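Novice: Take a look at the following structure, please.
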Amino acid sequence: MDKVLHDYCVGCGLCQSLGMAELAKDGKGYLSPASGDRKRLYDICPAGGSQCRDMDFGQIWGKTEAVFYAYSSDSELRRRASSGGTLTEIAAFLLETHKVDAILHTCASDDDPTKTVVCLSTTRDELIDRSGSRYAISHPLSMLADLDDKKKYAFIGKPCDVTVLRNYQRVNPDLARIITITLSFFCAGLPSEDAQEKLIREMGCDGKIKSLRYRGDGWPGYATATQYDGKVFRMDYNTSWGQILGRDIMRMCRFCLDGIGEMADISCCDAWYLTHDNKPDFSEADGRNAVFCRSKQGWQILKECSQAGNLVISEFPDYEEKLKYMQFYQHDRRATMFAKYLAMKICFKPFPKYSIKILKYQRGVSLMRRLRILKGTIGRVLKGKI
C-alpha cells in the first residue's frame with residue numbers, strides 16, 4: 001500500500017465497506033489500508049490531497065456564509081450536551097420538519113462505553129439520549145452500503161469523515177441524493193485505545209464501566225465514568241483531554257489541515273469565554289457554540305431552526321479576531337502546517353499531499369513560531385516520535 005495512504009489514513013471505514021480496500025488495525029486500535037485501489041483512495045482520502053480541493057485558502061477559518069454564537073433554547077439539552085447543544089438541536093429540527101428521515105452519526109456502544117459505534121437516529125429523544133462528544137475511535141462511514149436509497153439522511157461526523165463523504169459523492173451522485181446535509185464540529189484529534197484505558201485508570205475506576213461521558217452535564221463538564229456497582233468517578237476537562245486523551249491521537253490528526261469542518265454545510269465549536277489575558281476559561285458555565293454556515297443550505301437551515309425557536313443565535317462579527325484565542329490549537333495547526341510540511345520533507349518522511357497554497361495560512365503566526373514548529377518537528381522525527 002502507498003505509504004502516504006497507509007500512514008495518514010483517517011479510519012472512516014468507507015473504503016472497506018464498499019470493497020475498495022482491506023483495512024488492518026494497529027496496536028493502538030487505528031485502522032489503515034493494507035491493500036486496495038490506490039487511485040480511488042487518492043481520489044477520496046484527505047491525505048491524497050482531496051482535502052484541499054474546495055478550501056478557501058484566503059481565510060484561516062475557511063469558507064463561510066455566516067458565523068454566529070448559538071445554543072439550544074432547551075435549557076436541559078444545553079446543559080446535557082458537550083457545549084451549547086447546537087448540533088443536536090439542528091439535527092432534531094431536520095427530523096421534525098421532515099427534511100431528512102434519519103441522522104447518521106455515532107454514539108457509545110451498549111456493550112463497552114469506551115467504544116463508539118455508528119447509529120441512525122430518527123427522533124429527538126434518540127438524538128438527546130446519544131448526544132455528547134465521543135473522544136474514541138470511530139468508523140462512521142462504515143455502513144454507507146446499508147442505507148436505504150429511498151430515504152434521505154443528514155450526516156454528523158468529524159471533519160475528515162465529511163471530506164471523504166463529499167469526495168465520494170462526487171463520483172457517486174446517488175449517495176449525494178441520499179445524504180443531503182452534512183454537519184461537523186471542530187476536532188482536535190482521535191485518541192487511541194491506550195488513551196481510553198489510561199483515562200479510566202487515572203480516574204480511579206476499580207470495576208466494570210457501565211457508562212462513560214467525556215463531557216457534558218455542564219460546560220465544559222467533567223469526564224464521568226459510572227461503574228455497575230454504582231460508583232461514579234469524575235475528572236475535569238483540562239486533565240482528561242489536555243493531559244491524557246489529547247496526548248495520544250492518530251497520526252493524521254497531528255497533520256490535519258481541516259480540523260474545522262470546512263467541507264460541511266454547518267460546523268460548530270466551543271465558543272469559550274476568555275480570561276483577561278485571552279486564554280480559554282474552562283470554568284463551568286452555560287454552554288455556547290460558534291456556528292459556521294459553510295454553504296447557503298447550511299445558512300438557510302440555521303435561520304429556519306432559529307425562527308422555529310429551537311436555537312438562540314446572535315451575531316459573531318469579530319470571530320476572526322476572537323477565535324484565534326478561543327480555538328488556539330485549530331488556528332495554530334493550520335497556520336504552522338507549512339512548517340511541518342518542510343520538516344517532514346527535510347527528513348524524507350511521507351506527508352499528506354497538500355496544496356502549496358497552505359503557505360497563505362502562515363500570515364496568522366510569527367516567523368519565530370514557524371521556526372520553532374519546524375525545529376520541533378524535525379526533533380521528534382529524529383527521536384522516532386513521528
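Identifiers in the C-alpha cells: chain A, B, ... in order shown; residue index from 1 per chain; ligand index from 1 in order shown.
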DSSP says strand (DSSP E) for which residues of region 173-368 of chain A? Put them as a PyMOL selection string?

Specialist: chain A and resi 179-185+209-213+222-227+232-236+266-270+289-293+311-315

Novice: Limited to N, CA and C atoms, could you put the picked residues into a file as an mmCIF file, in the first residue's frame?

Specialist:
data_model
loop_
_atom_site.group_PDB
_atom_site.id
_atom_site.type_symbol
_atom_site.label_atom_id
_atom_site.label_comp_id
_atom_site.auth_asym_id
_atom_site.auth_seq_id
_atom_site.Cartn_x
_atom_site.Cartn_y
_atom_site.Cartn_z
ATOM 1 N N ILE A 179 -27.672 11.261 1.071
ATOM 2 C CA ILE A 179 -27.168 12.083 2.186
ATOM 3 C C ILE A 179 -27.099 13.516 1.700
ATOM 4 N N THR A 180 -28.065 14.306 2.115
ATOM 5 C CA THR A 180 -28.243 15.645 1.548
ATOM 6 C C THR A 180 -27.661 16.764 2.397
ATOM 7 N N ILE A 181 -27.377 16.483 3.654
ATOM 8 C CA ILE A 181 -26.902 17.525 4.575
ATOM 9 C C ILE A 181 -25.764 16.959 5.420
ATOM 10 N N THR A 182 -24.702 17.737 5.597
ATOM 11 C CA THR A 182 -23.575 17.304 6.435
ATOM 12 C C THR A 182 -23.322 18.324 7.536
ATOM 13 N N LEU A 183 -23.133 17.803 8.732
ATOM 14 C CA LEU A 183 -22.857 18.620 9.914
ATOM 15 C C LEU A 183 -21.557 18.130 10.541
ATOM 16 N N SER A 184 -20.765 19.056 11.074
ATOM 17 C CA SER A 184 -19.498 18.670 11.674
ATOM 18 C C SER A 184 -19.183 19.559 12.866
ATOM 19 N N PHE A 185 -17.997 19.365 13.415
ATOM 20 C CA PHE A 185 -17.560 20.074 14.615
ATOM 21 C C PHE A 185 -16.047 20.233 14.544
ATOM 22 N N ILE A 209 -17.084 -0.705 33.779
ATOM 23 C CA ILE A 209 -17.749 0.559 33.487
ATOM 24 C C ILE A 209 -19.115 0.336 32.838
ATOM 25 N N LYS A 210 -20.128 1.005 33.369
ATOM 26 C CA LYS A 210 -21.476 0.940 32.802
ATOM 27 C C LYS A 210 -21.709 2.059 31.801
ATOM 28 N N SER A 211 -21.173 3.241 32.102
ATOM 29 C CA SER A 211 -21.327 4.383 31.186
ATOM 30 C C SER A 211 -20.116 5.290 31.292
ATOM 31 N N LEU A 212 -19.848 6.012 30.200
ATOM 32 C CA LEU A 212 -18.720 6.937 30.167
ATOM 33 C C LEU A 212 -19.092 8.138 29.316
ATOM 34 N N ARG A 213 -19.096 9.296 29.934
ATOM 35 C CA ARG A 213 -19.297 10.556 29.210
ATOM 36 C C ARG A 213 -18.007 11.344 29.277
ATOM 37 N N TYR A 222 -17.523 17.439 33.074
ATOM 38 C CA TYR A 222 -16.487 16.517 33.532
ATOM 39 C C TYR A 222 -16.550 15.200 32.754
ATOM 40 N N ALA A 223 -15.395 14.582 32.574
ATOM 41 C CA ALA A 223 -15.383 13.187 32.146
ATOM 42 C C ALA A 223 -15.948 12.397 33.323
ATOM 43 N N THR A 224 -16.983 11.607 33.047
ATOM 44 C CA THR A 224 -17.681 10.912 34.130
ATOM 45 C C THR A 224 -17.865 9.439 33.794
ATOM 46 N N ALA A 225 -17.335 8.585 34.642
ATOM 47 C CA ALA A 225 -17.472 7.138 34.466
ATOM 48 C C ALA A 225 -18.319 6.579 35.605
ATOM 49 N N THR A 226 -19.292 5.749 35.257
ATOM 50 C CA THR A 226 -20.152 5.106 36.247
ATOM 51 C C THR A 226 -19.976 3.602 36.161
ATOM 52 N N GLN A 227 -19.668 2.992 37.277
ATOM 53 C CA GLN A 227 -19.488 1.539 37.309
ATOM 54 C C GLN A 227 -20.811 0.845 37.577
ATOM 55 N N VAL A 232 -19.256 6.422 41.033
ATOM 56 C CA VAL A 232 -19.095 7.422 39.984
ATOM 57 C C VAL A 232 -17.748 8.107 40.153
ATOM 58 N N PHE A 233 -17.033 8.240 39.041
ATOM 59 C CA PHE A 233 -15.715 8.871 39.044
ATOM 60 C C PHE A 233 -15.722 10.024 38.046
ATOM 61 N N ARG A 234 -15.100 11.143 38.450
ATOM 62 C CA ARG A 234 -15.093 12.315 37.574
ATOM 63 C C ARG A 234 -13.684 12.874 37.433
ATOM 64 N N MET A 235 -13.453 13.526 36.290
ATOM 65 C CA MET A 235 -12.180 14.195 36.048
ATOM 66 C C MET A 235 -12.461 15.449 35.223
ATOM 67 N N ASP A 236 -11.823 16.560 35.560
ATOM 68 C CA ASP A 236 -12.074 17.810 34.854
ATOM 69 C C ASP A 236 -11.569 17.739 33.416
ATOM 70 N N ILE A 266 -22.649 22.847 7.869
ATOM 71 C CA ILE A 266 -22.571 23.586 9.133
ATOM 72 C C ILE A 266 -21.519 22.921 10.012
ATOM 73 N N SER A 267 -20.675 23.721 10.650
ATOM 74 C CA SER A 267 -19.738 23.186 11.639
ATOM 75 C C SER A 267 -19.783 24.053 12.891
ATOM 76 N N CYS A 268 -19.565 23.410 14.036
ATOM 77 C CA CYS A 268 -19.673 24.087 15.330
ATOM 78 C C CYS A 268 -18.417 23.892 16.161
ATOM 79 N N CYS A 269 -18.181 24.805 17.060
ATOM 80 C CA CYS A 269 -17.084 24.648 18.016
ATOM 81 C C CYS A 269 -17.485 25.283 19.347
ATOM 82 N N ASP A 270 -16.670 25.043 20.364
ATOM 83 C CA ASP A 270 -16.861 25.703 21.645
ATOM 84 C C ASP A 270 -16.449 27.168 21.515
ATOM 85 N N ASN A 289 -21.967 27.747 21.468
ATOM 86 C CA ASN A 289 -21.181 27.367 20.299
ATOM 87 C C ASN A 289 -20.902 28.572 19.419
ATOM 88 N N ALA A 290 -19.838 28.472 18.645
ATOM 89 C CA ALA A 290 -19.682 29.306 17.459
ATOM 90 C C ALA A 290 -20.105 28.414 16.304
ATOM 91 N N VAL A 291 -20.985 28.921 15.447
ATOM 92 C CA VAL A 291 -21.551 28.132 14.357
ATOM 93 C C VAL A 291 -21.146 28.727 13.019
ATOM 94 N N PHE A 292 -20.512 27.920 12.193
ATOM 95 C CA PHE A 292 -20.117 28.328 10.852
ATOM 96 C C PHE A 292 -21.098 27.745 9.843
ATOM 97 N N CYS A 293 -21.794 28.607 9.133
ATOM 98 C CA CYS A 293 -22.603 28.166 8.000
ATOM 99 C C CYS A 293 -21.674 28.165 6.791
ATOM 100 N N LEU A 311 -33.230 27.239 18.444
ATOM 101 C CA LEU A 311 -31.911 27.787 18.762
ATOM 102 C C LEU A 311 -32.000 29.263 19.120
ATOM 103 N N VAL A 312 -31.123 29.682 20.007
ATOM 104 C CA VAL A 312 -30.915 31.095 20.293
ATOM 105 C C VAL A 312 -29.606 31.484 19.609
ATOM 106 N N ILE A 313 -29.661 32.402 18.663
ATOM 107 C CA ILE A 313 -28.449 32.793 17.941
ATOM 108 C C ILE A 313 -28.218 34.293 18.069
ATOM 109 N N SER A 314 -26.966 34.695 17.937
ATOM 110 C CA SER A 314 -26.605 36.111 17.949
ATOM 111 C C SER A 314 -25.386 36.318 17.070
ATOM 112 N N GLU A 315 -25.185 37.523 16.625
ATOM 113 C CA GLU A 315 -24.086 37.835 15.708
ATOM 114 C C GLU A 315 -22.723 37.576 16.358
#

Novice: Which residues come within 8 Å of Tyr341 (chain A), counting only C-alpha atoms, excluding same-chain residues fewer than 4 positions away, as an MDAnalysis selection string?

Specialist: chainID A and resid 337 345 351

Novice: Between CA of Cys52 (chain A) and CA of Arg166 (chain A), what is the distance in Å, rounded to a tenth?

Specialist: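 Separation of CA of Cys52 (chain A) and CA of Arg166 (chain A): 12.2 Å.
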
Novice: Can you list, as a VMD selection string, every residue of region 159-313 of chain A that DSSP puts in alpha helix (DSSP H)?

Specialist: chain A and resid 159 to 171 173 to 178 193 to 203 237 to 239 251 to 254 296 to 307

Novice: So that I can check the surroundings of Gly216 (chain A), please list as a VMD selection string every protein, DNA and RNA residue that reaches within 7 Å of it, counting only C-alpha atoms and ignoring chain neighbours fewer than 2 positions away.

Specialist: chain A and resid 79 to 83 132 218 to 222

Novice: List the neighbours of region 108-119 of chain A out to 8 Å using only C-alpha atoms; skip same-chain residues closer than 5 positions along the sequence, and give me the result as a PyMOL selection string.

Specialist: chain A and resi 130+134+136-140+142-143+196+209-212

Novice: What does the file look like for those residues with C-alpha atoms, as a compact mmCIF listing (two decimals), in the first residue's frame?

Specialist:
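The result, stored in out-v8.txt:
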# COMPACT_ATOMS: atom_id res chain seq x y z
CA ARG A 130 -27.00 9.88 22.22
CA ARG A 134 -17.17 10.87 21.67
CA ALA A 136 -12.92 7.47 20.94
CA ILE A 137 -12.08 5.68 17.68
CA SER A 138 -15.00 5.54 15.25
CA HIS A 139 -15.65 4.46 11.66
CA PRO A 140 -18.78 6.49 10.83
CA SER A 142 -18.64 2.01 7.51
CA MET A 143 -22.37 1.48 7.00
CA GLN A 196 -9.06 5.32 26.77
CA ILE A 209 -17.75 0.56 33.49
CA LYS A 210 -21.48 0.94 32.80
CA SER A 211 -21.33 4.38 31.19
CA LEU A 212 -18.72 6.94 30.17

Novice: Can you tell me, as a count of residues only, what residues are no more than 12 Å from Glu126 (chain A) when counting only C-alpha atoms, ignoring any on the same chain fewer than 2 positions away?

Specialist: 21

Novice: Quick one: residues within 6 Å of Gly85 (chain A), only C-alpha atoms, excluding same-chain residues fewer than 4 positions away - as a PyMOL selection string?

Specialist: chain A and resi 71-72+78+81

Novice: Which residues are near Ile301 (chain A)? Cut-off 10 Å, only C-alpha atoms, ignore same chain within fewer than 5 positions. Put them as a ChimeraX atom specification.

Specialist: /A:90,93-94,99,181,265-266,293,295-296,306-307

Novice: For a quick check of understanding, using only C-alpha atoms, which of A:Leu127, A:Cys160, A:Leu175, A:Met1 has the smallest distance to Ala188 (chain A)?

Specialist: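 Smallest separation from Ala188 (chain A) among the options: A:Cys160.
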
Novice: Sorted by chain and rising residue number, which residues of region 293-346 of chain A lie within 10 Å of region 272-277 of chain A, and what are their closest atom pairs and distances in Å to one decimal, counting only C-alpha atoms, as CSV?

Specialist:
residue,atom,partner,partner_atom,distance
A:Lys322,CA,A:Leu274,CA,8.7
A:Leu323,CA,A:Trp272,CA,8.8
A:Tyr325,CA,A:Leu274,CA,7.7
A:Met326,CA,A:Trp272,CA,5.4
A:Gln327,CA,A:Trp272,CA,8.1
